[in-house]
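Undergrad: coords-v1.cif is reproduced in full below (mmCIF, C-alpha atoms).
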data_structure
loop_
_atom_site.group_PDB
_atom_site.id
_atom_site.type_symbol
_atom_site.label_atom_id
_atom_site.label_comp_id
_atom_site.auth_asym_id
_atom_site.auth_seq_id
_atom_site.Cartn_x
_atom_site.Cartn_y
_atom_site.Cartn_z
ATOM 1 C CA MET A 1 -118.218 93.100 15.073
ATOM 2 C CA SER A 2 -117.790 89.629 13.672
ATOM 3 C CA GLY A 3 -120.128 90.342 10.749
ATOM 4 C CA PRO A 4 -123.180 92.242 9.618
ATOM 5 C CA ILE A 5 -126.292 92.070 11.753
ATOM 6 C CA THR A 6 -129.054 90.212 9.945
ATOM 7 C CA ASP A 7 -132.682 89.371 10.767
ATOM 8 C CA GLU A 8 -132.900 92.190 13.269
ATOM 9 C CA GLU A 9 -136.232 92.626 15.066
ATOM 10 C CA ARG A 10 -136.885 96.085 16.509
ATOM 11 C CA LEU A 11 -137.949 96.110 20.173
ATOM 12 C CA LEU A 12 -137.906 99.708 21.379
ATOM 13 C CA GLU A 13 -136.829 103.202 20.345
ATOM 14 C CA LEU A 14 -136.647 106.171 22.701
ATOM 15 C CA ARG A 15 -135.843 109.739 21.681
ATOM 16 C CA PHE A 16 -135.278 112.224 24.490
ATOM 17 C CA PRO A 17 -133.401 115.459 25.286
ATOM 18 C CA ALA A 18 -129.815 114.885 26.428
ATOM 19 C CA ARG A 19 -130.518 115.905 30.005
ATOM 20 C CA PRO A 20 -129.564 114.007 33.179
ATOM 21 C CA ASP A 21 -133.058 114.384 34.619
ATOM 22 C CA ARG A 22 -134.477 112.286 31.765
ATOM 23 C CA MET A 23 -132.373 109.213 32.545
ATOM 24 C CA ALA A 24 -134.556 107.735 35.300
ATOM 25 C CA LEU A 25 -137.430 107.423 32.840
ATOM 26 C CA VAL A 26 -135.131 106.018 30.142
ATOM 27 C CA ARG A 27 -133.790 103.368 32.513
ATOM 28 C CA LYS A 28 -137.323 102.420 33.525
ATOM 29 C CA SER A 29 -138.301 101.881 29.884
ATOM 30 C CA ILE A 30 -135.193 99.825 29.109
ATOM 31 C CA ARG A 31 -135.716 97.677 32.206
ATOM 32 C CA GLY A 32 -139.241 96.948 31.014
ATOM 33 C CA ALA A 33 -138.080 95.967 27.534
ATOM 34 C CA ALA A 34 -135.239 93.773 28.819
ATOM 35 C CA LEU A 35 -137.565 92.099 31.313
ATOM 36 C CA ASP A 36 -140.073 91.447 28.565
ATOM 37 C CA TYR A 37 -137.295 89.898 26.528
ATOM 38 C CA GLY A 38 -136.540 87.451 29.379
ATOM 39 C CA PHE A 39 -133.243 88.713 30.768
ATOM 40 C CA ASP A 40 -132.726 88.077 34.483
ATOM 41 C CA ASP A 41 -132.414 90.914 37.017
ATOM 42 C CA PHE A 42 -128.635 90.890 37.007
ATOM 43 C CA ALA A 43 -128.368 91.054 33.216
ATOM 44 C CA ILE A 44 -131.024 93.777 33.097
ATOM 45 C CA GLN A 45 -129.047 95.916 35.549
ATOM 46 C CA GLU A 46 -125.905 95.467 33.461
ATOM 47 C CA ILE A 47 -127.671 96.388 30.221
ATOM 48 C CA VAL A 48 -129.260 99.427 31.870
ATOM 49 C CA LEU A 49 -125.884 100.481 33.291
ATOM 50 C CA ALA A 50 -124.138 100.249 29.905
ATOM 51 C CA ILE A 51 -126.834 102.304 28.168
ATOM 52 C CA SER A 52 -126.927 104.856 30.957
ATOM 53 C CA GLU A 53 -123.144 105.271 30.779
ATOM 54 C CA ALA A 54 -123.319 105.708 27.009
ATOM 55 C CA CYS A 55 -125.956 108.439 27.377
ATOM 56 C CA GLN A 56 -123.925 110.160 30.094
ATOM 57 C CA ASN A 57 -120.899 110.224 27.815
ATOM 58 C CA VAL A 58 -122.990 111.910 25.123
ATOM 59 C CA MET A 59 -124.227 114.519 27.629
ATOM 60 C CA ARG A 60 -120.788 115.194 29.072
ATOM 61 C CA HIS A 61 -118.520 114.926 26.049
ATOM 62 C CA SER A 62 -120.456 115.142 22.758
ATOM 63 C CA TYR A 63 -122.940 117.891 23.474
ATOM 64 C CA THR A 64 -122.081 121.098 25.269
ATOM 65 C CA GLU A 65 -124.213 123.215 27.576
ATOM 66 C CA ARG A 66 -124.779 125.688 24.721
ATOM 67 C CA GLU A 67 -125.221 123.152 21.968
ATOM 68 C CA THR A 68 -127.225 120.218 23.211
ATOM 69 C CA GLY A 69 -129.702 117.992 21.402
ATOM 70 C CA ASP A 70 -131.453 114.667 21.489
ATOM 71 C CA ILE A 71 -130.336 111.116 22.137
ATOM 72 C CA VAL A 72 -131.983 108.118 20.514
ATOM 73 C CA VAL A 73 -131.675 104.743 22.239
ATOM 74 C CA SER A 74 -132.871 101.771 20.230
ATOM 75 C CA LEU A 75 -133.028 98.119 21.190
ATOM 76 C CA SER A 76 -133.423 95.275 18.759
ATOM 77 C CA ARG A 77 -132.604 91.603 18.686
ATOM 78 C CA THR A 78 -131.583 88.697 16.580
ATOM 79 C CA ALA A 79 -131.775 85.057 17.608
ATOM 80 C CA GLU A 80 -128.421 85.347 19.379
ATOM 81 C CA ARG A 81 -127.922 88.978 20.300
ATOM 82 C CA LEU A 82 -129.452 92.046 21.894
ATOM 83 C CA ILE A 83 -128.446 95.050 19.793
ATOM 84 C CA ILE A 84 -128.315 98.527 21.304
ATOM 85 C CA ARG A 85 -127.710 101.750 19.426
ATOM 86 C CA VAL A 86 -127.157 105.074 21.184
ATOM 87 C CA THR A 87 -127.330 107.863 18.614
ATOM 88 C CA ASP A 88 -126.560 111.540 19.092
ATOM 89 C CA PHE A 89 -126.547 114.511 16.724
ATOM 90 C CA ALA A 90 -123.427 116.216 18.041
ATOM 91 C CA PRO A 91 -120.225 116.864 16.073
ATOM 92 C CA THR A 92 -118.572 113.620 15.000
ATOM 93 C CA VAL A 93 -116.241 112.165 17.608
ATOM 94 C CA ASP A 94 -112.904 110.545 16.729
ATOM 95 C CA PRO A 95 -113.292 106.961 18.033
ATOM 96 C CA THR A 96 -109.547 106.629 18.582
ATOM 97 C CA LYS A 97 -109.793 109.318 21.253
ATOM 98 C CA ILE A 98 -112.426 107.427 23.263
ATOM 99 C CA ARG A 99 -110.739 105.450 25.972
ATOM 100 C CA SER A 100 -111.070 104.507 29.615
ATOM 101 C CA ARG A 101 -108.661 105.737 32.251
ATOM 102 C CA ASP A 102 -106.086 103.541 33.952
ATOM 103 C CA LEU A 103 -108.064 101.815 36.729
ATOM 104 C CA SER A 104 -105.062 101.817 39.062
ATOM 105 C CA ASP A 105 -105.186 105.614 38.998
ATOM 106 C CA ILE A 106 -107.908 106.050 41.594
ATOM 107 C CA ARG A 107 -109.725 109.303 41.017
ATOM 108 C CA PRO A 108 -113.293 110.435 40.393
ATOM 109 C CA GLY A 109 -114.624 109.910 36.870
ATOM 110 C CA GLY A 110 -113.425 108.263 33.678
ATOM 111 C CA LEU A 111 -115.126 104.903 34.222
ATOM 112 C CA GLY A 112 -118.012 105.003 31.743
ATOM 113 C CA VAL A 113 -116.157 103.607 28.717
ATOM 114 C CA HIS A 114 -114.630 100.870 30.870
ATOM 115 C CA PHE A 115 -118.067 99.829 32.145
ATOM 116 C CA ILE A 116 -119.467 99.702 28.616
ATOM 117 C CA THR A 117 -116.654 97.517 27.260
ATOM 118 C CA GLU A 118 -116.852 95.198 30.281
ATOM 119 C CA LEU A 119 -120.615 94.743 30.085
ATOM 120 C CA MET A 120 -121.087 94.395 26.333
ATOM 121 C CA GLU A 121 -119.850 91.712 23.981
ATOM 122 C CA THR A 122 -119.064 94.102 21.135
ATOM 123 C CA VAL A 123 -118.728 97.897 21.110
ATOM 124 C CA GLU A 124 -118.352 99.947 17.963
ATOM 125 C CA TYR A 125 -118.367 103.710 17.311
ATOM 126 C CA LEU A 126 -119.900 104.698 13.980
ATOM 127 C CA PRO A 127 -120.718 107.976 12.232
ATOM 128 C CA GLY A 128 -124.372 108.978 12.445
ATOM 129 C CA PRO A 129 -126.830 108.811 9.550
ATOM 130 C CA GLY A 130 -125.695 111.037 6.685
ATOM 131 C CA GLY A 131 -122.445 111.706 8.514
ATOM 132 C CA VAL A 132 -124.229 113.705 11.220
ATOM 133 C CA GLY A 133 -123.661 112.737 14.838
ATOM 134 C CA ASN A 134 -122.451 109.482 16.296
ATOM 135 C CA ILE A 135 -123.762 105.992 16.895
ATOM 136 C CA LEU A 136 -122.518 103.731 19.643
ATOM 137 C CA LEU A 137 -123.410 100.193 18.573
ATOM 138 C CA MET A 138 -123.289 97.621 21.354
ATOM 139 C CA THR A 139 -124.302 93.989 21.332
ATOM 140 C CA ARG A 140 -124.711 91.433 24.050
ATOM 141 C CA LYS A 141 -125.274 87.740 23.682
ATOM 142 C CA THR A 142 -128.713 86.673 24.822
ATOM 143 C CA GLU A 143 -128.675 84.300 27.749
ATOM 144 C CA VAL A 144 -132.299 83.329 27.123
ATOM 145 C CA SER A 145 -134.400 82.000 24.290
ATOM 146 C CA PRO A 146 -136.340 84.826 22.639
ATOM 147 C CA MET B 1 -135.116 113.888 49.008
ATOM 148 C CA THR B 2 -134.092 110.346 49.791
ATOM 149 C CA GLU B 3 -130.996 111.145 51.842
ATOM 150 C CA GLN B 4 -130.780 111.276 55.609
ATOM 151 C CA VAL B 5 -127.853 112.328 57.756
ATOM 152 C CA ARG B 6 -127.599 111.588 61.456
ATOM 153 C CA ASP B 7 -124.989 111.346 64.181
ATOM 154 C CA GLU B 8 -124.669 107.886 65.665
ATOM 155 C CA GLY B 9 -121.941 106.576 67.961
ATOM 156 C CA GLY B 10 -119.847 109.645 67.251
ATOM 157 C CA LYS B 11 -119.995 109.067 63.506
ATOM 158 C CA CYS B 12 -121.799 110.760 60.679
ATOM 159 C CA VAL B 13 -124.160 108.207 59.149
ATOM 160 C CA VAL B 14 -125.410 109.096 55.678
ATOM 161 C CA GLU B 15 -128.320 107.066 54.337
ATOM 162 C CA LEU B 16 -128.646 107.243 50.584
ATOM 163 C CA GLY B 17 -131.574 105.889 48.606
ATOM 164 C CA GLY B 18 -132.980 105.505 45.126
ATOM 165 C CA GLU B 19 -130.913 105.904 41.984
ATOM 166 C CA ILE B 20 -127.573 107.710 42.135
ATOM 167 C CA ASP B 21 -126.764 108.878 38.630
ATOM 168 C CA LEU B 22 -125.497 111.958 36.796
ATOM 169 C CA ASP B 23 -128.600 113.849 37.903
ATOM 170 C CA ARG B 24 -128.251 113.126 41.607
ATOM 171 C CA ALA B 25 -124.485 112.696 42.002
ATOM 172 C CA PRO B 26 -123.790 116.438 42.647
ATOM 173 C CA GLU B 27 -126.290 116.399 45.516
ATOM 174 C CA VAL B 28 -124.668 113.273 47.006
ATOM 175 C CA ARG B 29 -121.176 114.740 46.556
ATOM 176 C CA SER B 30 -122.170 117.914 48.372
ATOM 177 C CA LEU B 31 -123.808 115.976 51.202
ATOM 178 C CA LEU B 32 -120.769 113.765 51.766
ATOM 179 C CA LEU B 33 -118.246 116.609 51.581
ATOM 180 C CA ASP B 34 -120.358 118.537 54.081
ATOM 181 C CA CYS B 35 -120.217 115.562 56.485
ATOM 182 C CA ILE B 36 -116.462 115.352 56.087
ATOM 183 C CA THR B 37 -116.024 118.984 57.048
ATOM 184 C CA ARG B 38 -117.644 118.132 60.401
ATOM 185 C CA GLY B 39 -114.528 116.100 61.178
ATOM 186 C CA ARG B 40 -116.318 112.887 62.104
ATOM 187 C CA ASP B 41 -115.816 109.486 60.534
ATOM 188 C CA VAL B 42 -118.442 108.844 57.870
ATOM 189 C CA LEU B 43 -120.511 105.719 57.220
ATOM 190 C CA VAL B 44 -122.507 105.696 53.977
ATOM 191 C CA ASP B 45 -125.506 103.371 54.176
ATOM 192 C CA LEU B 46 -126.303 102.165 50.652
ATOM 193 C CA SER B 47 -128.997 99.637 51.611
ATOM 194 C CA ARG B 48 -131.763 101.657 49.901
ATOM 195 C CA VAL B 49 -129.778 102.458 46.759
ATOM 196 C CA SER B 50 -131.380 100.642 43.847
ATOM 197 C CA TYR B 51 -128.977 101.880 41.156
ATOM 198 C CA ILE B 52 -125.568 103.515 41.027
ATOM 199 C CA ASP B 53 -123.404 104.350 38.029
ATOM 200 C CA SER B 54 -120.024 105.940 37.348
ATOM 201 C CA SER B 55 -121.271 109.381 38.411
ATOM 202 C CA GLY B 56 -122.371 108.090 41.796
ATOM 203 C CA ILE B 57 -119.119 106.174 42.177
ATOM 204 C CA ALA B 58 -117.189 109.365 41.332
ATOM 205 C CA SER B 59 -118.918 111.207 44.191
ATOM 206 C CA LEU B 60 -117.971 108.441 46.617
ATOM 207 C CA VAL B 61 -114.350 108.332 45.391
ATOM 208 C CA GLU B 62 -114.038 112.091 45.784
ATOM 209 C CA ALA B 63 -115.493 111.860 49.300
ATOM 210 C CA LEU B 64 -113.132 109.008 50.195
ATOM 211 C CA GLN B 65 -110.122 111.000 49.039
ATOM 212 C CA SER B 66 -111.307 114.101 50.868
ATOM 213 C CA ALA B 67 -111.857 112.071 54.064
ATOM 214 C CA SER B 68 -108.378 110.612 53.790
ATOM 215 C CA LYS B 69 -106.829 114.074 53.375
ATOM 216 C CA ASN B 70 -108.694 115.204 56.488
ATOM 217 C CA GLY B 71 -107.558 112.208 58.543
ATOM 218 C CA ILE B 72 -110.981 110.610 58.903
ATOM 219 C CA THR B 73 -112.464 107.382 57.580
ATOM 220 C CA LEU B 74 -115.308 106.784 55.150
ATOM 221 C CA GLY B 75 -116.887 103.332 54.977
ATOM 222 C CA LEU B 76 -119.719 101.873 52.930
ATOM 223 C CA VAL B 77 -122.511 99.899 54.589
ATOM 224 C CA ALA B 78 -125.035 97.305 53.348
ATOM 225 C CA ILE B 79 -124.151 97.542 49.697
ATOM 226 C CA SER B 80 -126.500 95.608 47.410
ATOM 227 C CA PRO B 81 -125.159 92.861 45.108
ATOM 228 C CA MET B 82 -125.820 95.030 42.043
ATOM 229 C CA ALA B 83 -124.073 98.070 43.508
ATOM 230 C CA LEU B 84 -121.190 95.824 44.561
ATOM 231 C CA ARG B 85 -120.947 94.635 40.958
ATOM 232 C CA VAL B 86 -120.408 98.262 39.891
ATOM 233 C CA PHE B 87 -117.641 98.704 42.473
ATOM 234 C CA GLU B 88 -116.057 95.443 41.294
ATOM 235 C CA LEU B 89 -116.183 96.596 37.671
ATOM 236 C CA ALA B 90 -114.384 99.772 38.713
ATOM 237 C CA ARG B 91 -111.862 97.720 40.764
ATOM 238 C CA LEU B 92 -112.903 99.783 43.771
ATOM 239 C CA ASP B 93 -114.335 97.019 45.951
ATOM 240 C CA LYS B 94 -110.954 96.659 47.679
ATOM 241 C CA VAL B 95 -110.334 100.397 47.858
ATOM 242 C CA PHE B 96 -113.373 101.146 50.020
ATOM 243 C CA THR B 97 -114.002 99.543 53.398
ATOM 244 C CA ILE B 98 -117.347 97.778 53.019
ATOM 245 C CA TYR B 99 -119.392 96.584 56.017
ATOM 246 C CA PRO B 100 -122.301 94.133 55.772
ATOM 247 C CA ASP B 101 -124.535 96.237 58.037
ATOM 248 C CA LEU B 102 -124.498 99.230 60.349
ATOM 249 C CA ASP B 103 -123.951 97.142 63.510
ATOM 250 C CA ALA B 104 -120.844 95.592 61.995
ATOM 251 C CA ALA B 105 -119.648 99.013 60.857
ATOM 252 C CA MET B 106 -120.095 100.503 64.319
ATOM 253 C CA THR B 107 -118.470 97.556 66.104
ATOM 254 C CA THR B 108 -115.531 97.227 63.721
ATOM 255 C CA ALA B 109 -114.894 100.938 63.431
ATOM 256 C CA THR B 110 -114.964 101.328 67.232
ATOM 257 C CA ALA B 111 -112.630 98.359 67.705
ATOM 258 C CA ASP B 112 -110.222 99.804 65.111
ATOM 259 C CA GLN B 113 -110.025 102.967 67.140
ATOM 260 C CA GLY B 114 -108.776 100.921 70.076
#
Represent the structure from my file as structure tokens, please.
TA:
Amino acid sequence: MSGPITDEERLLELRFPARPDRMALVRKSIRGAALDYGFDDFAIQEIVLAISEACQNVMRHSYTERETGDIVVSLSRTAERLIIRVTDFAPTVDPTKIRSRDLSDIRPGGLGVHFITELMETVEYLPGPGGVGNILLMTRKTEVSP
Amino acid sequence: MTEQVRDEGGKCVVELGGEIDLDRAPEVRSLLLDCITRGRDVLVDLSRVSYIDSSGIASLVEALQSASKNGITLGLVAISPMALRVFELARLDKVFTIYPDLDAAMTTATADQG
């Protein structure tokens, strides 16, 4: 991040169980919020994809089948940026171990982190509130006037 | 269910629809691998797919690799601009054979076979 986020206006917060069958509803809600904000269809799809990939990574890598929990997706904005936070309550992840695979190695999987970094302007992994869980903080420049 | 499988022109045509994500990718993977075991070339019609993410892409990559091992082809048909963007992001748009529509897929695939 280039600096602290100031004058942040909250747009939407969703809390849901970390289950794949919840993601269609989550995407629908995010599409609605992004549309309301004035993003075009293409940008909306990219924002939805980045958030969906972030949630998938939580489901697949942070939580386990035996120890699952909730995910909180929040959207807010400043004059210049859309700010997205994906929070989980799983054991803290070492950010240095989060990386995409080599794209020339063609095999199933391993693309989520790459998609997120390609689609977002900034991506930052932070410890959760009180040191519990993880927050993925992503921002994207707004292409429209709020 | 939003998938349909049919035999057309000696090929297995798989029509997928809706959103292909972590929830639905296992179903798609199973469907495609089942088609491949039939030993016919596979065409995957994506015209009704409104959303695809890395899980959906993973199912298609696995199917492509399985097809290749079994000496058959797997092509994608009528891919939407948004889905194409996902393939481009993954640098897979040149790995898969992509046809604009089913007619083109049938004609080209038949011509390729000589």
Undergrad: Residues of chain A within 9 Å of chain B, counting only C-alpha atoms, what are they? List them as a list in words.
TA: Arg19, Pro20, Asp21, Arg22, Met23, Ala24, Phe42, Gln45, Glu46, Leu49, Ser52, Glu53, Gln56, Leu103, Ser104, Ile106, Arg107, Pro108, Gly109, Gly110, Leu111, Gly112, His114, Phe115, Glu118 and Leu119 of chain A
Undergrad: Within 9 Å of A:Gly128, counting only C-alpha atoms, which residues qualify if same-chain residues fewer than 5 places away don't, as a list in words?
TA: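 Everything that qualifies: Thr87, Asp88, Phe89, Thr92, Gly133, Asn134 and Ile135 of chain A.
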Undergrad: Which residues would end up in the selection if the PyMOL selection byres ((chain A and resi 43) around 12) were applied here, given that I need the answer as a VMD selection string?
TA: (chain A and resid 30 to 31 34 to 35 37 to 42 44 to 50 82 119 to 120 140 to 144) or (chain B and resid 82 85)
Undergrad: Using the chain letters and numbers from this file, what does the PyMOL selection byres ((chain A and resi 85) around 12) select? Give the answer as a PyMOL selection string.
TA: chain A and resi 10-15+50-52+54-55+71-77+82-84+86-88+122-128+134-140
Undergrad: Name every residue that the PyMOL selection byres ((chain B and resi 71) around 10) selects in this structure, writing the answer as a list in words with chains first and numbers rising.
TA: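 Answer for the PyMOL selection byres ((chain B and resi 71) around 10): Ile36, Gly39, Arg40, Asp41, Gln65, Ser66, Ala67, Ser68, Lys69, Asn70, Ile72 and Thr73 of chain B.
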Undergrad: Give me, please, the distance in Å between atom CA of B:Thr37 and atom CA of B:Gln4, quoted to one decimal.
TA: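 If I compute the distance from atom CA of B:Thr37 to atom CA of B:Gln4, I get 16.7 Å.
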Undergrad: Just give me the gap between atom CA of A:Tyr63 and atom CA of A:Thr117 in Å, one decimal is fine.
TA: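 Rounded to one decimal, the two atoms are 21.7 Å apart.
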